[in-house]
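Novice: One structure follows; several queries about it will come next.
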There are 2 protein chains.
Amino acid sequence: MGGDYAPQEVVRGALLALGENPQLELLLVGDEARIKDELVACHSKSLERITLIHAPAMMSMSEAITALRKKRDASIMRAMDQVKEGRARAVVAAGSTGAAMSAALLRWGRIKGVERPAIATVLPTAAGPCLLLDVGATVDCKAEWLRQFAFMGAAYARMVLRIPVPRVGLLNIGEEPEKGNEQALAAHHLLAAAPGPFWTFIGNIEGRAIWDGSADVVVTDGFAGNIALKTAEGVSALVTRLLKSAIRQGSLRAKLGAVLLRPAFRVLQRRIDPAEYGGALLLGVDGVCVICHGSSKAYAVANAIRVACQALAGEYLEFVRSSSTFGESVKGAT
Amino acid sequence: MGGDYAPQEVVRGALLALGENPQLELLLVGDEARIKDELVACHSKSLERITLIHAPAMMSMSEAITALRKKRDASIMRAMDQVKEGRARAVVAAGSTGAAMSAALLRWGRIKGVERPAIATVLPTAAGPCLLLDVGATVDCKAEWLRQFAFMGAAYARMVLRIPVPRVGLLNIGEEPEKGNEQALAAHHLLAAAPGPFWTFIGNIEGRAIWDGSADVVVTDGFAGNIALKTAEGVSALVTRLLKSAIRQGSLRAKLGAVLLRPAFRVLQRRIDPAEYGGALLLGVDGVCVICHGSSKAYAVANAIRVACQALAGEYLEFVRSSSTFGESVKGAT
């Protein structure tokens with residue numbers, strides 16, 4: 001029920017996902033009557049794979065997260081319950097990120113050995129995907145938490161993105177180990193000593209290098225990561241806007257060029273704009289939860305459902321839960 | 001003598017700037033023989049407005065900044081001397097940013113009331129320029145230093161960008177005052193109480209909003225600011241790269257479209273890519289110093305010289321030096 005275009009675009013995204021994946025079954029959690037209306041309007045053939053779960057309340061964006069504890073009938077809490085009680089295997093949410101995170105922590109708890117959750121997002125680069133985390137869950141980070149993020153990110157890259165030995169970089173303002181703020185310096189030190197048997201630490205990664213495919217996983221705190229992600233969104237939106245205006249004000253030649261290039265632009269935009277590409281993973285909680293951008297339309301919601309399916313298929317959660325390396329490294333560091 | 005393409009592109013940029021501005025006189029500081037060779041190769045008509053200052057040494061990118069104290073004949077130190085001794089009014093440097101900053105601090109010192117320097121860069125937005133600072137000078141920042149950056153940025157926006165009452169925002173991960181890490185929360189509090197007579201504080205600005213023209217000045221620490229700037233560079237480079245590849249692999253239709261759109265793309269790239277658009281200001285030191293991106297070519301060097309001329313014409317430095325508001329606010333805050 002959350003997000004700028006709920007329930008319409010969320011329902012449409014769900015139907016899109018069902019059409020793509022014949023194995024998929026979905027529970028739609030929220031205001032039953034409103035969801036039904038949308039389903040009827042869409043004339044879907046996949047209705048037998050949809051179960052409606054009525055949740056009368058919802059969390060608004062402005063509501064304090066502390067209100068969640070008392071709001072057990074909020075759609076986000078009810079969705080988490082479905083997984084906890086074994087009726088679903090993952091949650092996809094398009095509403096308030098803070099509410100989804102708090103609900104997951106309240107209902108599922110953290111994976112053993114993880115002190116703080118992180119939100120990870122897969123970015124497109126010039127050479128394959130790159131997982132950036134944290135993009136907003138934990139804004140004041142200890143170096144040890146960044147090490148835990150590195151482990152979780154590497155596990156995800158290995159199990160889900162199918163990169164056998166992921167290269168993990170630390171987001172920083174220079175490549176040299178002695179560059180950065182106090183937190184980055186401490187994290188670099190810890191990461192250089194930490195890599196497990198299945199990932200390598202390749203050192204510092206500058207904001208520019210996120211996009212050239214130098215690293216499979218880029219680790220940072222939720223403040224810097226969020227700034228990087230939102231900046232990327234902003235530049236991408238600006239590029240689109242400037243091109244449109246160049247074309248509007250431009251010559252007949254530019255206008256004709258734009259019409260011819262439109263299909264290529266569309267592909268580009270879907271790769272660059274996180275509102276389309278997105279579907280961020282909430283890592284560290286003891287369950288699979290994918291968070292959509294609030295401005296997600298049907299295509300992005302379907303993409304987020306695909307991300308959840310991939311996380312389940314890759315058995316990411318089982319891998320992290322059972323990883324002895326993780327526990328040992330944490331013990332070693334504390 | 002610094003940067004990836006010195007002295008060739010630096011000399012060409014200097015000649016480009018002289019051609020554009022008949023009032024301009026330039027001192028080229030570095031290896032006299034090598035600079036002369038470049039000048040001869042360029043057949044310039046503006047030679048009478050160039051003075052060569054021989055500086056036999058230079059700072060390499062890998063050299064520790066502490067080496068600067070003993071390297072008084074390094075080109076960057078000699079350049080700062082020209083201003084200190086009244087033979088020049090500003091320095092433009094394309095080499096190591098750290099070396100330029102240290103040389104400026106050593107030879108010029110700080111403006112009274114400023115505790116730390118900041119690097120400010122003018123970014124293009126959908127609605128005019130936006131000054132982002134700090135993008136890398138001071139990575140661990142006290143909230144009070146961010147307030148000083150806000151003042152300096154606002155002064156620059158007023159005097160040089162000619163915005164009578166600049167709107168200053170704080171880079172953060174959400175618009176609400178209670179969002180952010182500890183530093184951002186403290187800075188928000190200080191900025192909300194601080195605005196001087198000529199600027200307004202408009203609250204938190206997300207990474208996305210840097211690019212839509214919501215703020216004239218965006219303040220942050222040198223870590224987050226650098227991440228934002230480099231991320232923007234990376235996305236811009238990726239857009240160009242993806243478009244090229246879409247065109248290469250694309251249909252005849254896409255190829256034809258691209259050829260027709262090429263002039264519009266070129267304009268766009270010059271506005272987005274900081275290596276072309278750039279010319280960052282070192283604020284807080286007691287003199288005008290503009291830093292070019294290390295990868296600057298002639299066009300970017302000429303642009304940096306233009307930025308220096310604008311800073312001088314706007315009497316930014318005189319305004320900040322004489323601002324009683326600044327001194328009073330600092331006193332009030334400490």
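We label chains A, B, ... in the order they appear in the structure tokens, count residues from 1 in each chain, and number ligands from 1 in the order shown.
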Let's see if you can do this: from backbone DSSP, list all strand (DSSP E) residues in range 139-243 of chain B, as a list in words.
Specialist: Arg167, Val168, Gly169, Leu170, Leu171, Thr200, Phe201, Ile202, Gly203, Asn204, Ile205, Val217, Val218 and Val219 of chain B
Novice: Neighbours of Leu317 in chain A within 8 Å (only C-alpha atoms; same-chain residues fewer than 6 positions away dropped), as an mmCIF file with N, CA and C atoms, in the first residue's frame?
Specialist:
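And here's part01.cif as it stands now:
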data_model
loop_
_atom_site.group_PDB
_atom_site.id
_atom_site.type_symbol
_atom_site.label_atom_id
_atom_site.label_comp_id
_atom_site.auth_asym_id
_atom_site.auth_seq_id
_atom_site.Cartn_x
_atom_site.Cartn_y
_atom_site.Cartn_z
ATOM 1 N N ASP A 286 16.788 -11.114 9.282
ATOM 2 C CA ASP A 286 16.722 -12.566 9.097
ATOM 3 C C ASP A 286 15.545 -12.968 8.203
ATOM 4 N N GLY A 287 15.619 -12.514 6.958
ATOM 5 C CA GLY A 287 14.579 -12.798 5.976
ATOM 6 C C GLY A 287 14.915 -12.030 4.702
ATOM 7 N N VAL A 288 14.195 -12.334 3.618
ATOM 8 C CA VAL A 288 14.464 -11.637 2.353
ATOM 9 C C VAL A 288 13.444 -10.513 2.186
ATOM 10 N N ALA A 311 17.111 -13.634 -5.058
ATOM 11 C CA ALA A 311 17.717 -13.792 -3.732
ATOM 12 C C ALA A 311 17.330 -15.149 -3.143
#
Novice: Name all residues at most 9 Å from Leu229 in chain A (count only C-alpha atoms; drop same-chain ones fewer than 3 positions away) and give them as a list in words.
Specialist: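 Here the qualifying residues turn out to be Thr121, Leu123, Leu132, Val135, Ala224, Gly225, Asn226, Ala232, Glu233, Gly234 and Pro274 of chain A; Gly207, Arg208, Ala228 and Thr231 of chain B.
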Novice: Keeping only N, CA, C and O atoms, write the selected residues to a file as a PDB file, in the first residue's frame.
Specialist:
ATOM      1  N   THR A 121      22.008  -2.023  -3.153  1.00  0.00           N
ATOM      2  CA  THR A 121      21.354  -1.832  -4.444  1.00  0.00           C
ATOM      3  C   THR A 121      22.307  -2.223  -5.566  1.00  0.00           C
ATOM      4  O   THR A 121      23.504  -1.972  -5.480  1.00  0.00           O
ATOM      5  N   LEU A 123      23.809  -1.688  -9.037  1.00  0.00           N
ATOM      6  CA  LEU A 123      23.930  -0.597 -10.005  1.00  0.00           C
ATOM      7  C   LEU A 123      24.462  -1.138 -11.319  1.00  0.00           C
ATOM      8  O   LEU A 123      25.249  -2.089 -11.332  1.00  0.00           O
ATOM      9  N   LEU A 132      26.121  -1.857  -4.345  1.00  0.00           N
ATOM     10  CA  LEU A 132      26.524  -0.778  -3.439  1.00  0.00           C
ATOM     11  C   LEU A 132      25.745  -0.902  -2.143  1.00  0.00           C
ATOM     12  O   LEU A 132      24.516  -1.022  -2.149  1.00  0.00           O
ATOM     13  N   VAL A 135      23.039   1.979   1.450  1.00  0.00           N
ATOM     14  CA  VAL A 135      22.549   3.213   0.831  1.00  0.00           C
ATOM     15  C   VAL A 135      21.524   3.937   1.708  1.00  0.00           C
ATOM     16  O   VAL A 135      20.768   4.768   1.208  1.00  0.00           O
ATOM     17  N   ALA A 224      27.071   8.203   3.182  1.00  0.00           N
ATOM     18  CA  ALA A 224      27.794   8.384   1.915  1.00  0.00           C
ATOM     19  C   ALA A 224      27.146   7.575   0.792  1.00  0.00           C
ATOM     20  O   ALA A 224      27.054   8.040  -0.349  1.00  0.00           O
ATOM     21  N   GLY A 225      26.679   6.374   1.121  1.00  0.00           N
ATOM     22  CA  GLY A 225      26.059   5.521   0.103  1.00  0.00           C
ATOM     23  C   GLY A 225      24.775   6.124  -0.438  1.00  0.00           C
ATOM     24  O   GLY A 225      24.501   6.074  -1.642  1.00  0.00           O
ATOM     25  N   ASN A 226      24.000   6.716   0.467  1.00  0.00           N
ATOM     26  CA  ASN A 226      22.765   7.360   0.035  1.00  0.00           C
ATOM     27  C   ASN A 226      23.057   8.585  -0.837  1.00  0.00           C
ATOM     28  O   ASN A 226      22.395   8.822  -1.856  1.00  0.00           O
ATOM     29  N   ALA A 232      23.548   9.900  -8.278  1.00  0.00           N
ATOM     30  CA  ALA A 232      23.457   9.182  -9.556  1.00  0.00           C
ATOM     31  C   ALA A 232      22.062   9.344 -10.157  1.00  0.00           C
ATOM     32  O   ALA A 232      21.923   9.607 -11.361  1.00  0.00           O
ATOM     33  N   GLU A 233      21.037   9.223  -9.330  1.00  0.00           N
ATOM     34  CA  GLU A 233      19.668   9.418  -9.804  1.00  0.00           C
ATOM     35  C   GLU A 233      19.504  10.826 -10.390  1.00  0.00           C
ATOM     36  O   GLU A 233      18.897  11.011 -11.437  1.00  0.00           O
ATOM     37  N   GLY A 234      20.041  11.798  -9.653  1.00  0.00           N
ATOM     38  CA  GLY A 234      19.889  13.188 -10.068  1.00  0.00           C
ATOM     39  C   GLY A 234      20.582  13.485 -11.382  1.00  0.00           C
ATOM     40  O   GLY A 234      20.028  14.175 -12.242  1.00  0.00           O
ATOM     41  N   PRO A 274      17.520   4.557 -11.158  1.00  0.00           N
ATOM     42  CA  PRO A 274      17.205   3.583 -10.113  1.00  0.00           C
ATOM     43  C   PRO A 274      15.703   3.422  -9.875  1.00  0.00           C
ATOM     44  O   PRO A 274      15.282   2.385  -9.373  1.00  0.00           O
TER      45      PRO A 274
ATOM     46  N   GLY B 207      20.900  14.154  -2.441  1.00  0.00           N
ATOM     47  CA  GLY B 207      21.813  14.066  -3.589  1.00  0.00           C
ATOM     48  C   GLY B 207      21.110  14.315  -4.910  1.00  0.00           C
ATOM     49  O   GLY B 207      21.669  14.930  -5.823  1.00  0.00           O
ATOM     50  N   ARG B 208      19.867  13.873  -4.990  1.00  0.00           N
ATOM     51  CA  ARG B 208      19.111  14.049  -6.225  1.00  0.00           C
ATOM     52  C   ARG B 208      18.804  15.520  -6.504  1.00  0.00           C
ATOM     53  O   ARG B 208      18.842  15.976  -7.652  1.00  0.00           O
ATOM     54  N   ALA B 228      29.962  12.635  -3.870  1.00  0.00           N
ATOM     55  CA  ALA B 228      28.901  13.142  -4.753  1.00  0.00           C
ATOM     56  C   ALA B 228      29.486  13.593  -6.092  1.00  0.00           C
ATOM     57  O   ALA B 228      28.982  13.234  -7.160  1.00  0.00           O
ATOM     58  N   THR B 231      30.864  10.634  -8.126  1.00  0.00           N
ATOM     59  CA  THR B 231      29.757   9.813  -8.605  1.00  0.00           C
ATOM     60  C   THR B 231      29.120  10.456  -9.835  1.00  0.00           C
ATOM     61  O   THR B 231      28.821   9.785 -10.827  1.00  0.00           O
TER      62      THR B 231
END
Novice: Using only C-alpha atoms, determine which residues lie at most 7 Å from range 164-179 of chain B, disregarding the query and same-chain residues fewer than 5 positions distant; provide the list as an MDAnalysis selection string.
Specialist: (chainID A and resid 223 226:227) or (chainID B and resid 150 154 157:158 184:185 188 198:207 215:220)
Novice: Pick the closest to Ala93 in chain B from B:Pro22, B:Gly250, B:Gly30, B:Gly128: which is it, counting only C-alpha atoms?
Specialist: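 Looking only at the distances to Ala93 in chain B, the closest residue turns out to be B:Gly30.
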Novice: So which residues touch Arg49 in chain B within 10 Å, counting only C-alpha atoms, skipping near sequence neighbours fewer than 6 positions away, as a list in words?
Specialist: Leu15, Leu18, Pro22, Gln23, Leu24, Glu25, Leu26 and Leu27 of chain B
Novice: Would you output that residue set with N, CA and C atoms, as a short mmCIF file (atom, residue, chain, number, x, y, z; two decimals), in the first residue's frame?
Specialist:
data_model
loop_
_atom_site.label_atom_id
_atom_site.label_comp_id
_atom_site.auth_asym_id
_atom_site.auth_seq_id
_atom_site.Cartn_x
_atom_site.Cartn_y
_atom_site.Cartn_z
N LEU B 15 46.71 29.83 -23.77
CA LEU B 15 46.61 30.60 -25.01
C LEU B 15 45.15 30.81 -25.41
N LEU B 18 43.85 33.58 -23.25
CA LEU B 18 44.36 34.88 -23.70
C LEU B 18 43.62 35.34 -24.94
N PRO B 22 41.12 39.89 -23.89
CA PRO B 22 42.25 40.76 -24.26
C PRO B 22 42.87 41.48 -23.07
N GLN B 23 42.17 41.48 -21.91
CA GLN B 23 42.68 42.14 -20.71
C GLN B 23 43.65 41.25 -19.92
N LEU B 24 43.59 39.96 -20.21
CA LEU B 24 44.28 38.97 -19.39
C LEU B 24 45.79 38.96 -19.62
N GLU B 25 46.54 38.86 -18.51
CA GLU B 25 47.98 38.59 -18.61
C GLU B 25 48.27 37.36 -17.78
N LEU B 26 49.15 36.51 -18.30
CA LEU B 26 49.42 35.25 -17.60
C LEU B 26 50.90 35.08 -17.29
N LEU B 27 51.18 34.55 -16.10
CA LEU B 27 52.53 34.10 -15.75
C LEU B 27 52.51 32.58 -15.80
#
Novice: Go through B:Cys141, B:Leu260, B:Cys42, B:Leu161 and flag the residue nearest chain A, using only C-alpha atoms for the distances.
Specialist: B:Leu260
Novice: DSSP on the backbone: what in range 128-195 of chain B comes out alpha helix (DSSP H), as an MDAnalysis selection string?
Specialist: chainID B and resid 143:159 182:193
Novice: Which residue gives the smallest distance to chain B among A:Lys297, A:Arg162, A:Lys255, A:Arg89, with only C-alpha atoms counted?
Specialist: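 For chain B, the nearest of the candidates is A:Lys255.
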Novice: Please, what distance in Å, to one decimal, runs between CA of Val301 in chain A and CA of Glu9 in chain A?
Specialist: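 Distance reported for this atom pair: 7.7 Å.
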